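Q: To be precise about what I am sending: the file is called coords-v1.csv and holds CSV, C-alpha atoms.
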```csv
chain,number,residue,atom,x,y,z
A,1,GLN,CA,0.0,0.0,0.0
A,2,GLN,CA,1.4,3.4,-1.0
A,3,GLY,CA,0.7,6.7,0.6
A,4,SER,CA,1.9,10.3,0.6
A,5,PHE,CA,3.5,12.4,3.3
A,6,PRO,CA,2.6,16.0,2.7
A,7,ILE,CA,5.0,18.7,3.9
A,8,LYS,CA,2.9,21.9,4.5
A,9,LEU,CA,4.1,25.3,3.5
A,10,PHE,CA,3.4,26.6,7.0
A,11,TYR,CA,5.3,23.7,8.4
A,12,THR,CA,5.6,25.2,11.9
A,13,SER,CA,2.2,27.0,11.8
A,14,ASN,CA,2.2,30.3,13.6
A,15,ILE,CA,5.0,29.4,16.1
A,16,PRO,CA,7.6,31.7,14.5
A,17,ILE,CA,5.5,34.8,14.9
A,18,ILE,CA,4.6,33.8,18.5
A,19,LEU,CA,8.3,33.5,19.4
A,20,GLN,CA,9.2,36.7,17.6
A,21,THR,CA,6.4,38.6,19.4
A,22,ALA,CA,7.7,37.2,22.8
A,23,LEU,CA,11.2,38.3,21.9
A,24,VAL,CA,10.1,41.9,21.1
A,25,SER,CA,7.8,42.1,24.1
A,26,ASN,CA,10.7,41.2,26.4
A,27,LEU,CA,12.9,43.8,24.7
A,28,TYR,CA,10.2,46.4,25.2
A,29,PHE,CA,9.8,45.5,28.8
A,30,PHE,CA,13.5,45.8,29.7
A,31,SER,CA,13.9,48.9,27.5
A,32,GLN,CA,11.1,50.7,29.2
A,33,MET,CA,12.2,49.7,32.7
A,34,LEU,CA,15.7,50.9,32.1
A,35,HIS,CA,14.6,54.1,30.4
A,36,LYS,CA,12.5,55.0,33.5
A,37,ARG,CA,15.4,54.4,35.8
A,38,TYR,CA,18.4,55.5,33.8
A,39,ALA,CA,17.1,58.0,31.2
A,40,GLY,CA,20.0,59.7,29.5
A,41,ASN,CA,22.4,56.8,29.8
A,42,ILE,CA,24.0,56.1,26.4
A,43,LEU,CA,23.6,52.3,26.5
A,44,VAL,CA,20.0,52.6,27.7
A,45,SER,CA,19.3,55.1,24.9
A,46,LEU,CA,20.8,52.7,22.3
A,47,LEU,CA,18.4,50.0,23.6
A,48,GLY,CA,15.4,52.4,23.4
A,49,THR,CA,14.1,55.9,24.2
A,50,TRP,CA,10.4,56.1,25.1
A,51,GLN,CA,7.9,58.9,24.9
A,52,ASP,CA,4.5,59.1,26.5
A,53,VAL,CA,1.5,59.2,24.2
A,54,GLU,CA,-0.8,62.1,24.9
A,55,GLY,CA,-4.2,61.3,26.3
A,56,THR,CA,-3.2,57.7,27.2
A,57,ASN,CA,-1.2,55.9,29.8
A,58,GLN,CA,0.9,54.3,27.1
A,59,SER,CA,4.3,55.2,25.7
A,60,LYS,CA,6.0,54.5,22.4
A,61,PRO,CA,9.6,54.0,21.4
A,62,VAL,CA,11.0,57.0,19.5
A,63,SER,CA,14.7,55.9,19.0
A,64,GLY,CA,17.1,53.1,19.6
A,65,LEU,CA,16.7,49.3,19.0
A,66,ALA,CA,13.1,49.2,20.4
A,67,TYR,CA,12.1,51.9,17.9
A,68,TYR,CA,13.5,50.0,14.9
A,69,VAL,CA,11.9,46.7,15.8
A,70,SER,CA,8.5,48.4,16.2
A,71,PRO,CA,6.3,48.4,13.1
A,72,PRO,CA,5.6,51.6,11.0
A,73,ARG,CA,1.9,52.1,11.2
A,74,SER,CA,1.3,53.7,7.8
A,75,PHE,CA,2.8,54.3,4.4
A,76,GLY,CA,3.4,57.9,5.6
A,77,GLU,CA,5.7,56.7,8.4
A,78,ILE,CA,7.5,54.5,5.8
A,79,ALA,CA,8.1,57.5,3.6
A,80,ASP,CA,9.3,59.6,6.5
A,81,ASP,CA,11.8,57.0,7.7
A,82,PRO,CA,12.5,54.3,5.1
A,83,PHE,CA,15.5,52.9,7.1
A,84,HIS,CA,13.1,52.1,9.9
A,85,ALA,CA,10.8,50.2,7.5
A,86,LEU,CA,13.8,48.3,5.9
A,87,PHE,CA,15.2,47.4,9.3
A,88,TYR,CA,11.9,46.2,10.6
A,89,THR,CA,11.2,44.1,7.5
A,90,THR,CA,14.7,42.5,7.7
A,91,PHE,CA,14.3,41.8,11.4
A,92,ILE,CA,10.9,40.2,11.1
A,93,LEU,CA,11.8,38.0,8.1
A,94,THR,CA,15.1,36.9,9.6
A,95,THR,CA,13.8,36.1,13.1
A,96,CYS,CA,10.7,34.3,11.8
A,97,GLY,CA,12.9,32.2,9.4
A,98,LEU,CA,15.4,31.3,12.2
A,99,PHE,CA,12.7,30.6,14.8
A,100,ALA,CA,10.9,28.3,12.3
A,101,ILE,CA,14.0,26.2,11.6
A,102,THR,CA,14.9,26.2,15.4
A,103,TRP,CA,11.4,25.1,16.3
A,104,THR,CA,11.6,22.0,14.0
A,105,LYS,CA,14.7,20.9,16.0
A,106,VAL,CA,13.2,21.3,19.5
A,107,SER,CA,9.7,20.2,18.8
A,108,GLY,CA,10.4,16.8,17.3
A,109,SER,CA,9.5,17.7,13.7
A,110,SER,CA,13.0,17.9,12.1
A,111,ALA,CA,14.0,15.7,9.2
A,112,GLN,CA,15.6,13.1,11.6
A,113,ASP,CA,12.6,13.0,13.8
A,114,VAL,CA,10.2,12.5,10.9
A,115,ALA,CA,12.4,9.8,9.4
A,116,ARG,CA,12.4,8.0,12.7
A,117,GLN,CA,8.6,8.2,13.0
A,118,LEU,CA,8.2,6.8,9.4
A,119,ARG,CA,10.6,3.9,10.2
A,120,ASP,CA,8.7,3.1,13.4
A,121,GLN,CA,5.5,2.9,11.3
A,122,GLY,CA,7.2,0.6,8.8
A,123,MET,CA,7.1,3.1,6.0
A,124,ILE,CA,9.8,3.6,3.4
A,125,MET,CA,10.4,6.0,0.5
A,126,LYS,CA,10.4,4.3,-2.9
A,127,GLY,CA,13.9,4.4,-4.5
A,128,HIS,CA,15.7,5.2,-1.2
A,129,ARG,CA,17.1,3.0,1.6
A,130,SER,CA,15.9,3.5,5.1
A,131,GLU,CA,19.2,4.8,6.2
A,132,SER,CA,19.2,7.6,3.6
A,133,LEU,CA,15.7,8.8,4.5
A,134,PRO,CA,16.9,11.6,6.9
A,135,LYS,CA,19.1,13.0,4.2
A,136,VAL,CA,16.3,13.0,1.7
A,137,LEU,CA,13.9,14.7,4.1
A,138,ASN,CA,16.5,17.2,5.0
A,139,ARG,CA,16.2,18.6,1.5
A,140,TYR,CA,12.6,19.6,2.2
A,141,VAL,CA,11.8,20.1,5.9
A,142,PRO,CA,14.2,23.0,6.6
A,143,VAL,CA,13.2,24.7,3.4
A,144,ALA,CA,9.5,24.3,4.1
A,145,ALA,CA,10.0,25.6,7.7
A,146,ALA,CA,12.1,28.6,6.6
A,147,THR,CA,9.7,29.4,3.7
A,148,GLY,CA,6.7,29.2,6.0
A,149,GLY,CA,8.4,31.4,8.5
A,150,PHE,CA,9.2,34.0,5.9
A,151,ALA,CA,5.6,33.8,4.6
A,152,ILE,CA,4.2,34.3,8.1
A,153,GLY,CA,6.6,37.2,8.7
A,154,PHE,CA,5.7,38.8,5.3
A,155,LEU,CA,2.0,38.7,6.0
A,156,THR,CA,2.6,40.3,9.4
A,157,ILE,CA,4.6,43.1,7.8
A,158,VAL,CA,2.0,43.8,5.1
A,159,ALA,CA,-0.8,44.0,7.8
A,160,ASP,CA,1.4,46.3,9.9
A,161,PHE,CA,2.3,48.6,7.0
A,162,MET,CA,-1.3,48.9,5.9
A,163,GLY,CA,-2.3,50.1,9.4
A,164,ALA,CA,-4.7,47.2,10.0
A,165,ILE,CA,-7.0,47.5,13.0
A,166,GLY,CA,-5.1,45.9,15.8
A,167,SER,CA,-1.6,44.5,15.1
A,168,GLY,CA,-0.6,42.5,12.1
A,169,THR,CA,0.6,39.8,14.4
A,170,GLY,CA,-2.7,39.6,16.3
A,171,ILE,CA,-4.7,39.3,13.1
A,172,LEU,CA,-2.3,36.7,11.7
A,173,LEU,CA,-2.5,34.6,14.9
A,174,ALA,CA,-6.3,34.7,14.9
A,175,VAL,CA,-6.5,33.7,11.3
A,176,THR,CA,-4.0,30.8,11.6
A,177,ILE,CA,-5.6,29.5,14.8
A,178,ILE,CA,-9.0,29.4,13.1
A,179,TYR,CA,-7.5,27.8,10.0
A,180,ASN,CA,-5.9,25.1,12.1
A,181,TYR,CA,-9.2,24.3,13.8
A,182,PHE,CA,-10.9,24.2,10.5
A,183,GLU,CA,-8.3,21.9,9.0
A,184,GLN,CA,-8.5,19.5,12.0
A,185,PHE,CA,-12.3,19.5,11.8
A,186,SER,CA,-12.1,18.7,8.1
A,187,LYS,CA,-9.7,15.8,8.6
A,188,GLU,CA,-11.9,14.3,11.3
A,189,ASN,CA,-15.0,14.5,9.2
A,190,LEU,CA,-13.4,13.5,5.8
A,191,GLY,CA,-11.4,10.5,7.0
A,192,GLY,CA,-8.1,12.4,7.1
A,193,ASN,CA,-8.3,13.7,3.5
A,194,GLY,CA,-9.5,17.2,4.5
A,195,LEU,CA,-7.5,20.1,3.0
A,196,GLY,CA,-4.8,17.8,1.9
A,197,LEU,CA,-6.8,17.5,-1.3
A,198,MET,CA,-5.9,21.1,-2.0
A,199,GLY,CA,-2.1,20.5,-1.4
A,200,PHE,CA,-1.9,22.1,2.0
```
Reformat the file's structure so that it appears as structure tokens.
A:
Amino acid sequence: QQGSFPIKLFYTSNIPIILQTALVSNLYFFSQMLHKRYAGNILVSLLGTWQDVEGTNQSKPVSGLAYYVSPPRSFGEIADDPFHALFYTTFILTTCGLFAITWTKVSGSSAQDVARQLRDQGMIMKGHRSESLPKVLNRYVPVAAATGGFAIGFLTIVADFMGAIGSGTGILLAVTIIYNYFEQFSKENLGGNGLGLMGF
């Protein structure tokens, strides 16, 4: 009996953007805390300088690393500071790609882990020996993970640049979570075929 083992484009789902958001949130937290205590310090200023937003109890980064990893909220802001937009785009794509690849290694979904699972199930790949299976899968799994990470990051960037209601990250997380539930529901009701018929 022959079967297929689909490797999804979003191989790591929304995990990369969750980890990226956690990284930035921690950076904001420490930057704000240090700015309140040691405002004027050169190293603290490099990490981030914050300014209170009028009419609210919130503050926003206006310079330093915290500023450059925060999203521009409109095309007007992009035009005013194109380097900020370029840095933010590069940061999001790079971190999402790296987090996606790293997640496959720590979550048991790397090429070696998948090959072990297939061997345990008695499955082989036609034209390849069992020992060469990790090498073959290694051609596809990291590429799928990184590409999915880049795609997730790109969608977040587009949503942020267009000034979407809420954050691009929040919208993306909501959509991907709903999609995952829908995919799981489809598989359970269609005997496992589900959205795999469409190549996902």
Q: Quick one: everything within 9 Å of A:Tyr68, counting all atoms listed in the file, minus sequence neighbours fewer than 4 positions away in the same chain. Send it as a ChimeraX atom specification.
A: /A:61-64,72,83-85,87-88,91
Q: For atom CA of A:Gln51 and atom CA of A:Met33, quote the distance in Å rounded to one decimal.
A: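 Distance between the two atoms: 12.8 Å.
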Q: Between A:Val143, A:Ile7, A:Pro16, A:Lys60, which has the minimum distance to A:Phe29 (counting all atoms listed in the file)?
A: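 Among the listed residues, the smallest separation from A:Phe29 belongs to A:Lys60.
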Q: Hey, which of A:Ala146, A:Phe30, A:Phe10, A:Thr56 ends up closest to A:Thr95? Count all atoms listed in the file.
A: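 Among the listed residues, A:Ala146 lies closest to A:Thr95.
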Q: Would you mind telling me which residue in A:Ser70, A:Asn180, A:Thr12, A:Asn57 lies nearest to A:Tyr28 when using all atoms listed in the file?
A: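 Looking only at the distances to A:Tyr28, the closest residue turns out to be A:Ser70.
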Q: Restricting the calculation to only C-alpha atoms: of A:Asn41, A:Gln32, A:Ser132, A:Thr102, which residue gets closest to A:Leu19?
A: A:Thr102
Q: Just give me the gap between atom CA of A:Leu46 and atom CA of A:Leu34 in Å, one decimal is fine.
A: 11.2 Å
Q: Looking at A:Ala174, A:Ala151, A:Phe182, A:Phe161, which one is nearest to A:Gly76, with distances taken over all atoms listed in the file?
A: A:Phe161
Q: Rounded to one decimal place, report the atom CA of A:Ile17-atom CA of A:Val106 distance in Å.
A: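 The value is 16.2 Å.
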Q: Write stretch 15-30 of chain A as a PDB file, in the coordinates of the input, completed to N, CA, C and O atoms.
A:
```
ATOM      1  N   ILE A  15       3.971  29.360  15.037  1.00  0.00           N
ATOM      2  CA  ILE A  15       5.000  29.400  16.100  1.00  0.00           C
ATOM      3  C   ILE A  15       6.038  30.466  15.902  1.00  0.00           C
ATOM      4  O   ILE A  15       6.401  31.172  16.857  1.00  0.00           O
ATOM      5  N   PRO A  16       6.580  30.653  14.675  1.00  0.00           N
ATOM      6  CA  PRO A  16       7.600  31.700  14.500  1.00  0.00           C
ATOM      7  C   PRO A  16       7.196  33.070  14.937  1.00  0.00           C
ATOM      8  O   PRO A  16       7.956  33.778  15.600  1.00  0.00           O
ATOM      9  N   ILE A  17       5.981  33.471  14.576  1.00  0.00           N
ATOM     10  CA  ILE A  17       5.500  34.800  14.900  1.00  0.00           C
ATOM     11  C   ILE A  17       5.230  34.931  16.405  1.00  0.00           C
ATOM     12  O   ILE A  17       5.398  35.994  17.011  1.00  0.00           O
ATOM     13  N   ILE A  18       4.822  33.827  17.030  1.00  0.00           N
ATOM     14  CA  ILE A  18       4.600  33.800  18.500  1.00  0.00           C
ATOM     15  C   ILE A  18       5.933  34.054  19.205  1.00  0.00           C
ATOM     16  O   ILE A  18       6.035  34.870  20.134  1.00  0.00           O
ATOM     17  N   LEU A  19       6.966  33.335  18.777  1.00  0.00           N
ATOM     18  CA  LEU A  19       8.300  33.500  19.400  1.00  0.00           C
ATOM     19  C   LEU A  19       8.877  34.853  19.129  1.00  0.00           C
ATOM     20  O   LEU A  19       9.495  35.463  20.011  1.00  0.00           O
ATOM     21  N   GLN A  20       8.667  35.355  17.919  1.00  0.00           N
ATOM     22  CA  GLN A  20       9.200  36.700  17.600  1.00  0.00           C
ATOM     23  C   GLN A  20       8.489  37.758  18.414  1.00  0.00           C
ATOM     24  O   GLN A  20       9.133  38.696  18.901  1.00  0.00           O
ATOM     25  N   THR A  21       7.188  37.616  18.611  1.00  0.00           N
ATOM     26  CA  THR A  21       6.400  38.600  19.400  1.00  0.00           C
ATOM     27  C   THR A  21       6.915  38.528  20.883  1.00  0.00           C
ATOM     28  O   THR A  21       7.035  39.575  21.540  1.00  0.00           O
ATOM     29  N   ALA A  22       7.183  37.328  21.395  1.00  0.00           N
ATOM     30  CA  ALA A  22       7.700  37.200  22.800  1.00  0.00           C
ATOM     31  C   ALA A  22       9.047  37.864  22.911  1.00  0.00           C
ATOM     32  O   ALA A  22       9.320  38.537  23.921  1.00  0.00           O
ATOM     33  N   LEU A  23       9.897  37.705  21.894  1.00  0.00           N
ATOM     34  CA  LEU A  23      11.200  38.300  21.900  1.00  0.00           C
ATOM     35  C   LEU A  23      11.103  39.853  21.977  1.00  0.00           C
ATOM     36  O   LEU A  23      11.743  40.514  22.800  1.00  0.00           O
ATOM     37  N   VAL A  24      10.263  40.421  21.114  1.00  0.00           N
ATOM     38  CA  VAL A  24      10.100  41.900  21.100  1.00  0.00           C
ATOM     39  C   VAL A  24       9.437  42.386  22.343  1.00  0.00           C
ATOM     40  O   VAL A  24       9.812  43.445  22.864  1.00  0.00           O
ATOM     41  N   SER A  25       8.470  41.653  22.877  1.00  0.00           N
ATOM     42  CA  SER A  25       7.800  42.100  24.100  1.00  0.00           C
ATOM     43  C   SER A  25       8.781  42.161  25.273  1.00  0.00           C
ATOM     44  O   SER A  25       8.731  43.101  26.085  1.00  0.00           O
ATOM     45  N   ASN A  26       9.683  41.194  25.363  1.00  0.00           N
ATOM     46  CA  ASN A  26      10.700  41.200  26.400  1.00  0.00           C
ATOM     47  C   ASN A  26      11.667  42.394  26.218  1.00  0.00           C
ATOM     48  O   ASN A  26      12.081  43.035  27.189  1.00  0.00           O
ATOM     49  N   LEU A  27      12.008  42.658  24.950  1.00  0.00           N
ATOM     50  CA  LEU A  27      12.900  43.800  24.700  1.00  0.00           C
ATOM     51  C   LEU A  27      12.194  45.096  25.089  1.00  0.00           C
ATOM     52  O   LEU A  27      12.817  45.957  25.716  1.00  0.00           O
ATOM     53  N   TYR A  28      10.912  45.257  24.764  1.00  0.00           N
ATOM     54  CA  TYR A  28      10.200  46.400  25.200  1.00  0.00           C
ATOM     55  C   TYR A  28      10.136  46.591  26.681  1.00  0.00           C
ATOM     56  O   TYR A  28      10.327  47.690  27.218  1.00  0.00           O
ATOM     57  N   PHE A  29       9.877  45.477  27.370  1.00  0.00           N
ATOM     58  CA  PHE A  29       9.800  45.500  28.800  1.00  0.00           C
ATOM     59  C   PHE A  29      11.059  46.007  29.467  1.00  0.00           C
ATOM     60  O   PHE A  29      11.046  46.939  30.295  1.00  0.00           O
ATOM     61  N   PHE A  30      12.182  45.394  29.097  1.00  0.00           N
ATOM     62  CA  PHE A  30      13.500  45.800  29.700  1.00  0.00           C
ATOM     63  C   PHE A  30      13.874  47.191  29.268  1.00  0.00           C
ATOM     64  O   PHE A  30      14.447  47.953  30.057  1.00  0.00           O
TER      65      PHE A  30
END
```
